[in-house]
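Peer 1: Input structure20.cif, format and content: mmCIF, C-alpha atoms.
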```cif
data_structure
#
loop_
_atom_site.label_atom_id
_atom_site.label_comp_id
_atom_site.auth_asym_id
_atom_site.auth_seq_id
_atom_site.Cartn_x
_atom_site.Cartn_y
_atom_site.Cartn_z
CA VAL A 28 -13.91 17.09 -25.18
CA ILE A 29 -17.46 17.44 -23.82
CA ALA A 30 -20.41 18.23 -26.08
CA ARG A 31 -21.09 21.99 -26.03
CA GLY A 32 -18.30 22.31 -23.50
CA TRP A 33 -15.95 25.26 -23.18
CA ALA A 34 -12.98 23.71 -21.37
CA GLY A 35 -10.02 22.25 -23.24
CA PRO A 36 -8.39 18.91 -22.44
CA SER A 37 -5.46 20.41 -20.50
CA LEU A 38 -7.72 22.29 -18.08
CA LEU A 39 -9.99 19.28 -17.67
CA ALA A 40 -7.02 17.00 -17.04
CA MET A 41 -5.76 19.40 -14.38
CA VAL A 42 -9.15 19.53 -12.66
CA MET A 43 -9.50 15.73 -12.72
CA PHE A 44 -5.96 15.03 -11.53
CA GLU A 45 -6.14 17.65 -8.77
CA LYS A 46 -9.41 16.15 -7.51
CA PHE A 47 -8.63 12.44 -7.75
CA GLY A 48 -4.84 12.37 -7.84
CA GLN A 49 -3.94 15.20 -5.47
CA HIS A 50 -7.13 15.05 -3.33
CA GLN A 51 -8.06 18.71 -3.81
CA PRO A 52 -11.86 19.12 -3.68
CA LEU A 53 -13.57 21.23 -6.31
CA ASN A 54 -14.40 24.08 -3.93
CA ARG A 55 -10.70 24.62 -3.21
CA GLN A 56 -9.90 24.49 -6.90
CA ALA A 57 -12.62 27.04 -7.64
CA GLU A 58 -11.19 29.39 -5.00
CA ARG A 59 -7.71 29.09 -6.50
CA TYR A 60 -8.89 29.71 -10.05
CA ALA A 61 -10.85 32.78 -8.88
CA LYS A 62 -7.73 34.24 -7.26
CA GLU A 63 -5.93 33.77 -10.57
CA GLY A 64 -8.65 35.71 -12.39
CA VAL A 65 -10.50 32.70 -13.79
CA PRO A 66 -13.86 32.49 -12.00
CA ILE A 67 -15.44 29.05 -12.43
CA SER A 68 -18.47 28.07 -10.40
CA LEU A 69 -18.45 24.90 -8.31
CA SER A 70 -21.45 23.48 -10.19
CA THR A 71 -19.69 24.05 -13.51
CA LEU A 72 -16.61 22.18 -12.31
CA ALA A 73 -18.81 19.33 -11.08
CA ASP A 74 -20.45 19.12 -14.51
CA GLN A 75 -17.02 18.90 -16.14
CA VAL A 76 -16.01 16.06 -13.81
CA GLY A 77 -19.18 14.16 -14.71
CA GLY A 78 -18.66 14.72 -18.43
CA CYS A 79 -15.03 13.59 -18.33
CA THR A 80 -15.92 10.47 -16.38
CA VAL A 81 -18.53 9.52 -18.99
CA ALA A 82 -16.01 10.10 -21.78
CA LEU A 83 -13.41 7.91 -20.04
CA THR A 84 -15.76 5.08 -19.03
CA PRO A 85 -15.05 2.96 -22.17
CA LEU A 86 -11.37 3.11 -21.28
CA PHE A 87 -12.17 2.06 -17.73
CA ARG A 88 -14.00 -0.99 -19.13
CA ARG A 89 -10.91 -2.00 -21.11
CA LEU A 90 -8.78 -1.59 -17.98
CA GLU A 91 -11.29 -3.64 -16.00
CA ALA A 92 -11.08 -6.49 -18.54
CA HIS A 93 -7.29 -6.45 -18.35
CA VAL A 94 -7.12 -6.52 -14.54
CA LEU A 95 -9.77 -9.22 -14.10
CA SER A 96 -8.01 -11.51 -16.59
CA ALA A 97 -5.06 -11.89 -14.20
CA GLU A 98 -3.92 -15.23 -12.85
CA ARG A 99 -3.65 -13.68 -9.38
CA LEU A 100 -5.49 -10.68 -7.90
CA TYR A 101 -5.02 -8.63 -4.77
CA GLY A 102 -8.20 -7.31 -3.15
CA ASP A 103 -9.08 -4.90 -0.35
CA ASP A 104 -11.56 -2.18 0.61
CA THR A 105 -11.75 0.97 2.70
CA THR A 106 -14.41 3.28 4.08
CA VAL A 107 -15.57 6.45 2.36
CA PRO A 108 -18.03 8.92 3.93
CA VAL A 109 -21.08 9.66 1.73
CA LEU A 110 -23.35 12.67 2.18
CA ALA A 111 -26.86 11.78 3.37
CA LYS A 112 -29.79 13.73 4.82
CA GLY A 113 -28.37 15.66 7.76
CA LYS A 114 -25.44 13.26 8.18
CA THR A 115 -22.89 11.16 6.36
CA ASP A 116 -23.21 7.42 5.75
CA THR A 117 -20.25 5.08 5.49
CA GLY A 118 -19.78 3.72 1.99
CA ARG A 119 -17.00 1.50 0.69
CA ILE A 120 -14.40 1.69 -2.04
CA TRP A 121 -13.21 -1.73 -3.25
CA VAL A 122 -10.00 -2.30 -5.19
CA TYR A 123 -8.65 -5.23 -7.19
CA VAL A 124 -5.02 -5.04 -8.28
CA ARG A 125 -3.14 -6.92 -10.95
CA ASP A 126 0.62 -6.89 -10.44
CA ASP A 127 2.56 -9.80 -11.88
CA LYS A 128 6.03 -8.32 -11.28
CA PRO A 129 6.68 -10.26 -8.04
CA PHE A 130 6.66 -13.54 -10.00
CA GLY A 131 8.36 -12.18 -13.11
CA GLY A 132 5.19 -11.65 -15.15
CA GLN A 133 5.34 -9.33 -18.15
CA ALA A 134 1.72 -8.09 -18.11
CA PRO A 135 1.40 -4.42 -17.15
CA PRO A 136 0.01 -3.71 -13.67
CA GLY A 137 -3.39 -2.15 -13.12
CA ALA A 138 -6.05 -1.45 -10.50
CA VAL A 139 -9.83 -1.23 -10.70
CA PHE A 140 -11.94 0.44 -8.04
CA TYR A 141 -15.65 0.06 -7.33
CA TYR A 142 -17.97 1.97 -5.02
CA SER A 143 -20.80 0.64 -2.86
CA ARG A 144 -23.05 2.11 -0.19
CA ASP A 145 -22.18 -0.60 2.35
CA ARG A 146 -19.88 -3.58 2.86
CA ALA A 147 -22.27 -6.41 2.02
CA GLY A 148 -20.67 -9.54 0.61
CA GLU A 149 -22.80 -9.28 -2.52
CA TYR A 150 -20.52 -6.57 -3.89
CA PRO A 151 -17.23 -8.50 -4.15
CA GLN A 152 -19.23 -11.49 -5.33
CA ALA A 153 -20.61 -9.34 -8.17
CA HIS A 154 -17.24 -7.73 -8.94
CA LEU A 155 -15.56 -11.13 -9.29
CA ALA A 156 -18.51 -13.05 -10.72
CA GLY A 157 -16.57 -13.87 -13.88
CA TYR A 158 -13.15 -14.27 -12.29
CA SER A 159 -11.22 -17.48 -11.79
CA GLY A 160 -7.75 -17.68 -10.27
CA ILE A 161 -5.89 -16.79 -7.08
CA PHE A 162 -7.30 -14.11 -4.80
CA GLN A 163 -5.09 -12.53 -2.14
CA ALA A 164 -7.06 -10.69 0.52
CA ASP A 165 -7.81 -10.45 4.22
CA ALA A 166 -10.26 -12.72 6.01
CA TYR A 167 -13.39 -10.60 5.41
CA GLY A 168 -16.38 -12.92 5.61
CA GLY A 169 -18.01 -11.46 2.50
CA TYR A 170 -15.36 -13.15 0.38
CA GLY A 171 -16.39 -16.57 1.67
CA ARG A 172 -18.77 -17.50 -1.15
CA LEU A 173 -16.08 -16.74 -3.72
CA TYR A 174 -14.13 -19.77 -2.55
CA GLU A 175 -17.02 -22.22 -2.77
CA PRO A 176 -16.49 -25.12 -5.20
CA GLY A 177 -18.63 -25.43 -8.28
CA ARG A 178 -18.62 -21.77 -9.33
CA ASN A 179 -19.75 -21.28 -12.94
CA ALA A 180 -16.74 -19.08 -13.73
CA GLY A 181 -14.31 -21.58 -12.21
CA PRO A 182 -12.57 -21.87 -8.84
CA ILE A 183 -11.09 -18.99 -6.87
CA LEU A 184 -8.26 -20.03 -4.55
CA GLU A 185 -7.84 -18.08 -1.34
CA ALA A 186 -4.34 -16.85 -0.49
CA ALA A 187 -4.19 -15.30 2.97
CA CYS A 188 -2.12 -12.25 3.87
CA TRP A 189 0.75 -12.81 6.31
CA VAL A 190 1.00 -9.07 6.99
CA HIS A 191 -2.55 -9.10 8.38
CA ALA A 192 -1.62 -12.13 10.49
CA ARG A 193 1.59 -10.53 11.77
CA ARG A 194 0.00 -7.20 12.72
CA PRO A 195 -1.70 -8.19 16.02
CA PHE A 196 1.44 -10.05 17.15
CA PHE A 197 3.55 -7.00 16.34
CA VAL A 198 1.29 -4.70 18.37
CA MET A 199 1.87 -6.92 21.41
CA ALA A 200 5.63 -7.05 20.79
CA ASP A 201 6.50 -3.51 19.67
CA LEU A 202 9.78 -2.89 21.49
CA VAL A 203 10.41 0.41 19.68
CA GLU A 204 7.04 1.85 20.70
CA ASN A 205 7.62 0.73 24.27
CA ALA A 206 11.00 2.47 24.34
CA ARG A 207 9.38 5.62 22.98
CA ARG A 208 6.69 5.56 25.65
CA LYS A 209 9.30 5.01 28.35
CA ALA A 210 11.36 7.97 27.06
CA GLN A 211 8.23 10.14 27.21
CA GLY A 212 7.61 9.15 30.80
CA LYS A 213 4.57 7.06 29.91
CA LYS A 214 3.80 3.63 31.23
CA PRO A 215 5.14 1.02 28.77
CA ALA A 216 2.86 -1.71 27.53
CA VAL A 217 3.43 -5.32 28.51
CA ILE A 218 5.54 -7.14 25.93
CA SER A 219 4.29 -10.65 25.17
CA PRO A 220 7.14 -13.15 24.77
CA LEU A 221 4.87 -15.38 22.65
CA ALA A 222 3.98 -12.48 20.34
CA LEU A 223 7.64 -11.54 20.06
CA GLU A 224 8.53 -15.10 19.06
CA ALA A 225 5.70 -15.21 16.49
CA VAL A 226 6.95 -11.98 14.90
CA ARG A 227 10.50 -13.36 14.77
CA ARG A 228 9.36 -16.53 13.02
CA ILE A 229 7.13 -14.69 10.50
CA ASP A 230 9.89 -12.17 9.75
CA ALA A 231 12.18 -15.05 8.80
CA LEU A 232 9.72 -15.98 6.04
CA PHE A 233 9.64 -12.41 4.71
CA GLU A 234 13.43 -12.35 4.64
CA ILE A 235 13.41 -15.36 2.31
CA GLU A 236 10.82 -13.66 0.11
CA ARG A 237 13.01 -10.59 -0.39
CA GLY A 238 15.60 -12.76 -2.06
CA ILE A 239 13.21 -14.25 -4.63
CA ASN A 240 11.07 -11.23 -5.46
CA GLY A 241 10.76 -10.94 -9.25
CA GLU A 242 11.96 -14.51 -9.89
CA THR A 243 9.94 -16.99 -11.95
CA PRO A 244 7.13 -18.95 -10.26
CA GLU A 245 9.18 -22.15 -10.60
CA ARG A 246 12.21 -20.62 -8.90
CA ARG A 247 10.10 -19.09 -6.13
CA ARG A 248 8.37 -22.41 -5.45
CA ALA A 249 11.68 -24.29 -5.35
CA VAL A 250 13.21 -21.89 -2.82
CA ARG A 251 10.08 -21.93 -0.70
CA GLN A 252 10.00 -25.72 -0.63
CA GLU A 253 13.62 -25.79 0.45
CA LEU A 254 13.77 -22.89 2.92
CA SER A 255 10.27 -21.72 3.85
CA ALA A 256 8.39 -25.00 4.20
CA PRO A 257 10.41 -26.22 7.24
CA LEU A 258 9.94 -22.84 8.95
CA VAL A 259 6.19 -22.90 8.30
CA ALA A 260 5.90 -26.45 9.65
CA ASP A 261 7.80 -25.47 12.79
CA LEU A 262 5.62 -22.37 13.19
CA GLU A 263 2.44 -24.44 13.04
CA THR A 264 3.74 -26.97 15.57
CA TRP A 265 4.86 -24.20 17.91
CA MET A 266 1.60 -22.24 17.63
CA ARG A 267 -0.62 -25.26 18.23
CA ALA A 268 1.44 -26.22 21.29
CA GLN A 269 1.31 -22.69 22.73
CA ARG A 270 -2.34 -22.17 21.83
CA ALA A 271 -3.34 -25.18 23.92
CA LYS A 272 -2.00 -23.39 27.01
CA LEU A 273 -3.93 -20.14 26.47
CA SER A 274 -7.52 -19.18 27.20
CA ARG A 275 -9.74 -18.27 24.28
CA ARG A 276 -9.99 -14.67 25.47
CA ASN A 277 -6.24 -14.15 25.44
CA ASP A 278 -5.15 -11.65 22.75
CA VAL A 279 -2.27 -13.87 21.61
CA ALA A 280 -4.68 -16.80 21.35
CA LYS A 281 -6.98 -14.74 19.13
CA ALA A 282 -4.08 -13.85 16.84
CA MET A 283 -3.07 -17.50 16.63
CA ASP A 284 -6.64 -18.63 15.93
CA TYR A 285 -6.84 -16.16 13.04
CA MET A 286 -4.02 -18.07 11.36
CA LEU A 287 -4.71 -21.64 12.46
CA LYS A 288 -8.35 -21.55 11.28
CA ARG A 289 -7.16 -20.54 7.81
CA TRP A 290 -3.93 -22.52 7.70
CA SER A 291 -4.45 -23.93 4.20
CA ALA A 292 -4.90 -20.40 2.82
CA PHE A 293 -1.79 -19.19 4.65
CA THR A 294 0.38 -22.07 3.40
CA ARG A 295 -0.82 -22.06 -0.22
CA PHE A 296 2.16 -19.89 -1.20
CA LEU A 297 4.50 -22.84 -0.59
CA ASP A 298 3.13 -24.71 -3.61
CA ASP A 299 2.51 -21.78 -5.97
CA GLY A 300 5.21 -19.31 -6.91
CA ARG A 301 2.68 -16.76 -8.18
CA ILE A 302 1.39 -16.10 -4.67
CA CYS A 303 2.91 -13.41 -2.45
CA LEU A 304 3.02 -13.42 1.33
CA SER A 305 1.22 -10.10 1.63
CA ASN A 306 -1.69 -8.13 0.25
CA ASN A 307 0.33 -4.91 0.33
CA ALA A 308 -0.27 -4.10 -3.35
CA ALA A 309 -3.98 -3.55 -2.68
CA GLU A 310 -3.27 -1.54 0.46
CA ARG A 311 -0.89 0.71 -1.47
CA ALA A 312 -3.58 1.32 -4.09
CA LEU A 313 -5.99 2.46 -1.35
CA ARG A 314 -3.48 4.72 0.35
CA GLY A 315 -4.48 7.78 -1.68
CA ILE A 316 -8.10 7.42 -0.59
CA ALA A 317 -7.08 7.20 3.05
CA LEU A 318 -5.09 10.43 2.65
CA GLY A 319 -7.80 12.12 0.59
CA ARG A 320 -10.55 11.57 3.18
CA LYS A 321 -8.91 14.21 5.36
CA SER A 322 -9.14 16.71 2.52
CA TRP A 323 -12.43 16.15 0.69
CA LEU A 324 -14.28 14.80 3.79
CA PHE A 325 -17.08 12.97 1.93
CA CYS A 326 -18.55 11.94 -1.42
CA GLY A 327 -21.52 14.07 -2.40
CA SER A 328 -23.66 11.14 -3.55
CA ASP A 329 -23.60 7.52 -4.68
CA ARG A 330 -23.13 8.74 -8.24
CA GLY A 331 -20.13 10.76 -7.06
CA GLY A 332 -18.71 7.65 -5.44
CA GLY A 333 -19.02 5.74 -8.71
CA ARG A 334 -17.28 8.54 -10.60
CA ALA A 335 -14.50 8.57 -8.04
CA ALA A 336 -14.00 4.82 -8.42
CA THR A 337 -13.64 5.16 -12.20
CA MET A 338 -11.12 7.99 -11.95
CA TYR A 339 -9.12 6.35 -9.16
CA SER A 340 -8.82 3.28 -11.38
CA LEU A 341 -7.35 5.25 -14.27
CA ILE A 342 -5.07 7.52 -12.24
CA VAL A 343 -3.69 4.81 -9.93
CA THR A 344 -3.05 2.55 -12.94
CA ALA A 345 -1.17 5.36 -14.69
CA LYS A 346 1.04 5.80 -11.61
CA MET A 347 1.66 2.06 -11.40
CA ASN A 348 2.99 2.16 -14.98
CA ASP A 349 5.25 5.19 -14.38
CA VAL A 350 3.02 7.47 -16.44
CA ASP A 351 2.33 11.11 -15.54
CA PRO A 352 -1.46 10.93 -14.94
CA GLN A 353 -2.16 14.55 -15.84
CA ALA A 354 -0.21 14.46 -19.11
CA TRP A 355 -1.86 11.15 -20.02
CA LEU A 356 -5.36 12.43 -19.18
CA ALA A 357 -4.84 15.60 -21.25
CA ASP A 358 -3.80 13.62 -24.31
CA VAL A 359 -6.48 10.95 -23.91
CA LEU A 360 -9.27 13.50 -23.38
CA ALA A 361 -8.16 15.32 -26.54
CA ARG A 362 -8.20 12.12 -28.62
CA ILE A 363 -10.78 9.72 -27.21
CA ALA A 364 -13.88 11.13 -28.96
CA ALA A 365 -12.40 10.53 -32.41
CA HIS A 366 -10.41 7.42 -31.52
CA PRO A 367 -11.56 4.16 -33.20
CA ALA A 368 -13.39 1.97 -30.71
CA GLN A 369 -11.56 -1.15 -31.86
CA LYS A 370 -8.22 0.53 -31.06
CA LEU A 371 -9.20 1.81 -27.63
CA ASP A 372 -6.49 -0.28 -25.94
CA GLU A 373 -3.90 2.01 -27.53
CA LEU A 374 -4.93 4.67 -25.00
CA LEU A 375 -4.35 2.50 -21.92
CA PRO A 376 -1.47 3.96 -19.87
CA TRP A 377 1.17 1.35 -20.68
CA ASN A 378 0.44 1.38 -24.42
CA TRP A 379 0.32 5.20 -24.44
CA ARG A 380 3.70 5.28 -22.67
CA ASP A 381 5.30 2.90 -25.16
CA GLN A 382 3.93 4.82 -28.15
CA ASN A 383 5.31 8.08 -26.76
CA LYS A 384 8.71 6.48 -26.29
CA GLN A 385 8.73 5.33 -29.90
CA VAL A 386 7.76 8.79 -31.12
CA ASN A 387 10.46 10.42 -29.01
CA GLN A 388 13.10 7.96 -30.22
CA ALA A 389 12.09 8.55 -33.83
CA ALA A 390 12.29 12.30 -33.30
#
```
Would you mind giving the structure from this file in structure tokens?
Peer 2:
Amino acid sequence: VIARGWAGPSLLAMVMFEKFGQHQPLNRQAERYAKEGVPISLSTLADQVGGCTVALTPLFRRLEAHVLSAERLYGDDTTVPVLAKGKTDTGRIWVYVRDDKPFGGQAPPGAVFYYSRDRAGEYPQAHLAGYSGIFQADAYGGYGRLYEPGRNAGPILEAACWVHARRPFFVMADLVENARRKAQGKKPAVISPLALEAVRRIDALFEIERGINGETPERRRAVRQELSAPLVADLETWMRAQRAKLSRRNDVAKAMDYMLKRWSAFTRFLDDGRICLSNNAAERALRGIALGRKSWLFCGSDRGGGRAATMYSLIVTAKMNDVDPQAWLADVLARIAAHPAQKLDELLPWNWRDQNKQVNQAA
């Protein structure tokens, strides 16, 4: 697999999947292998990770092209500690997800991750420099320039996330949490009637969405025009009336302002069946990193962060397509060096899965 290397594809696949799929850092893997009578130094394992990442980078580029050709993308980012001199800095991992299943699309899902040392807006602008379409994300200011008219690559339409909008209202209206605190003898928080009403109204929209998930864009738009549009209009009227009675420092007022200042982005889903109400697909893709931070603690360097982004892309995409990441990695690592470059797409998780099904059926 790796020039002058000693490890076979199955061992390498196990090391890679344990590190990036199961969040087991290399030092723990080295300890386990030593106990099993297979002493492998930490530096040797790190070299293998670097070599595998280089070997798989062409496949990552093909995945990247597939994801960024989507009509609609989800986007999000999360923090990742990075080792620095005597401390750790806070880097970022960005993710862009293609998942057309909510509107009945047939294209396979995928996710691409990128690493950066900070959260400057230049990074998403560079990631999506050639993209044109719908972008579902939170209200991070660094995305602002993506929505400017006159982009060379074409327009990007902002679709806001209703889950992000609902979250602050829910915190101020969490009846279950209040009951739990009361049962524990703690002082319950004050429940805001306005927040409770906002949650009720937003939840009514999500209930409609559950009934049209997976339908065609035309069907989704028709149902939204009939059922959701009146609810959204009433919500806007109600919020503007209530907002006028609140001070700008009020927490409910801040939650309302978050929505009202971006109302066109929040209501875009009414006229386009490809848009979802939430950005949950991107948050699900980042969940593994959030869990892994407790295990591996930090990236060793910027180069390590870049390697991690490449491997997260491949492993998360395999999972999204119901492919066993370790089995797929073992087969791909065994074949990729001799595989024709013009047929590289055959090794992408969804194509690999379909080919294996055909072989099994023939057998």
Peer 1: Using all atoms listed in the file, collect all residues at a distance of at most 7 Å from (-2.5, -13.9, -0.2) as written in the file, then present them as a list of chain:residue names.
Peer 2: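 The distance filter leaves exactly A:Phe162, A:Gln163, A:Ala164, A:Glu185, A:Ala186, A:Ala187, A:Cys188, A:Ile302, A:Cys303, A:Leu304, A:Ser305, A:Asn306.
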Peer 1: Around (-11.6, 15.8, -1.1) in the file's frame, which residues reach within 12 Å when counting only C-alpha atoms? Return as JSON, numbers by chain?
Peer 2: {"A": [43, 44, 45, 46, 47, 48, 49, 50, 51, 52, 53, 54, 55, 56, 107, 108, 109, 315, 316, 317, 318, 319, 320, 321, 322, 323, 324, 325, 326, 327, 331, 332, 335]}
Peer 1: Using only C-alpha atoms, which protein or nucleic acid residues come within 12 Å of Pro220 of chain A? Drop anything in the same chain fewer than 6 positions from it, and give the result as a PyMOL selection string.
Peer 2: chain A and resi 196-197+199-202+226-227+269+279
Peer 1: Which residues fall under the PyMOL selection byres ((chain A and resi 251-255) around 9) in this file, as a list of chain:residue names?
Peer 2: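 Answer for the PyMOL selection byres ((chain A and resi 251-255) around 9): A:Ala231, A:Leu232, A:Ile235, A:Glu236, A:Arg246, A:Arg247, A:Arg248, A:Ala249, A:Val250, A:Ala256, A:Pro257, A:Leu258, A:Val259, A:Ala260, A:Phe296, A:Leu297, A:Asp298, A:Gly300.
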Peer 1: Let me know the residues the PyMOL selection byres ((chain A and resi 134) around 12) catches in the file above, as a list in words.
Peer 2: His93, Val94, Ser96, Ala97, Glu98, Arg99, Arg125, Asp126, Asp127, Lys128, Pro129, Phe130, Gly131, Gly132, Gln133, Pro135, Pro136, Gly137, Asn348, Trp377 and Asn378 of chain A
Peer 1: Exactly which residues make up the result of the PyMOL selection byres ((chain A and resi 366-375) around 9) on this file, given as JSON, numbers by chain?
Peer 2: {"A": [85, 86, 87, 89, 90, 341, 345, 355, 359, 362, 363, 364, 365, 376, 377, 378, 379, 380, 382]}
Peer 1: Would you mind listing what lies within 8 Å of Leu39 of chain A as number ranges by chain, with only C-alpha atoms counted and same-chain residues fewer than 6 positions away left out?
Peer 2: A: 75-76, 79, 357
Peer 1: In Å, how far is it from atom CA of Asn383 of chain A to atom CA of Pro352 of chain A?
Peer 2: 13.9 Å
Peer 1: So how many Å separate atom CA of His154 of chain A and atom CA of Ile183 of chain A, to one decimal?
Peer 2: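 Calculated distance between atom CA of His154 of chain A and atom CA of Ile183 of chain A is 13.0 Å.
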Peer 1: Would you please work out which residue, of A:Gly160, A:Pro195, A:Gly333, A:Gly169, is nearest to Tyr285 of chain A when using only C-alpha atoms?
Peer 2: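 Answer, going by the shortest atom-to-atom distance: A:Pro195.
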Peer 1: For the atom pair atom CA of Ser328 of chain A and atom CA of Tyr142 of chain A, what is the interatomic distance in Å to one decimal place?
Peer 2: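 One can read the atom CA of Ser328 of chain A to atom CA of Tyr142 of chain A distance as 10.9 Å.
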Peer 1: Compare A:Ile229, A:Val343, A:Ala282, A:Leu221 by their minimum atom-to-atom distance to Val139 of chain A, counting only C-alpha atoms, and give me the closest one.
Peer 2: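 With only C-alpha atoms as the atom set, the closest residue is A:Val343.
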Peer 1: Which one of A:Ala34, A:Ala225, A:Tyr150, A:Ala61 sits closest to Asp261 of chain A if you count only C-alpha atoms?
Peer 2: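 Closest residue, counting only C-alpha atoms: A:Ala225.
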Peer 1: Could you give me segment 346-359 of chain A completed to N, CA and C atoms, formatted as a CSV table (one decimal), keeping the file's coordinate frame?
Peer 2:
```csv
chain,number,residue,atom,x,y,z
A,346,LYS,N,-0.1,5.7,-12.5
A,346,LYS,CA,1.0,5.8,-11.6
A,346,LYS,C,1.8,4.5,-11.5
A,347,MET,N,1.0,3.4,-11.5
A,347,MET,CA,1.7,2.1,-11.4
A,347,MET,C,2.5,1.8,-12.6
A,348,ASN,N,2.2,2.4,-13.8
A,348,ASN,CA,3.0,2.2,-15.0
A,348,ASN,C,4.0,3.3,-15.3
A,349,ASP,N,4.3,4.1,-14.2
A,349,ASP,CA,5.2,5.2,-14.4
A,349,ASP,C,4.8,6.2,-15.4
A,350,VAL,N,3.6,6.5,-15.5
A,350,VAL,CA,3.0,7.5,-16.4
A,350,VAL,C,2.5,8.7,-15.7
A,351,ASP,N,2.8,9.9,-16.1
A,351,ASP,CA,2.3,11.1,-15.5
A,351,ASP,C,0.8,11.2,-15.8
A,352,PRO,N,0.0,11.0,-14.7
A,352,PRO,CA,-1.5,10.9,-14.9
A,352,PRO,C,-2.0,12.2,-15.6
A,353,GLN,N,-1.6,13.3,-15.3
A,353,GLN,CA,-2.2,14.6,-15.8
A,353,GLN,C,-1.8,14.7,-17.3
A,354,ALA,N,-0.6,14.4,-17.7
A,354,ALA,CA,-0.2,14.5,-19.1
A,354,ALA,C,-1.0,13.4,-19.9
A,355,TRP,N,-1.1,12.2,-19.3
A,355,TRP,CA,-1.9,11.2,-20.0
A,355,TRP,C,-3.3,11.5,-20.2
A,356,LEU,N,-4.0,12.0,-19.1
A,356,LEU,CA,-5.4,12.4,-19.2
A,356,LEU,C,-5.6,13.5,-20.2
A,357,ALA,N,-4.7,14.5,-20.3
A,357,ALA,CA,-4.8,15.6,-21.2
A,357,ALA,C,-4.8,15.1,-22.7
A,358,ASP,N,-3.9,14.2,-23.0
A,358,ASP,CA,-3.8,13.6,-24.3
A,358,ASP,C,-5.0,12.7,-24.6
A,359,VAL,N,-5.4,11.9,-23.7
A,359,VAL,CA,-6.5,11.0,-23.9
A,359,VAL,C,-7.8,11.7,-24.1
```
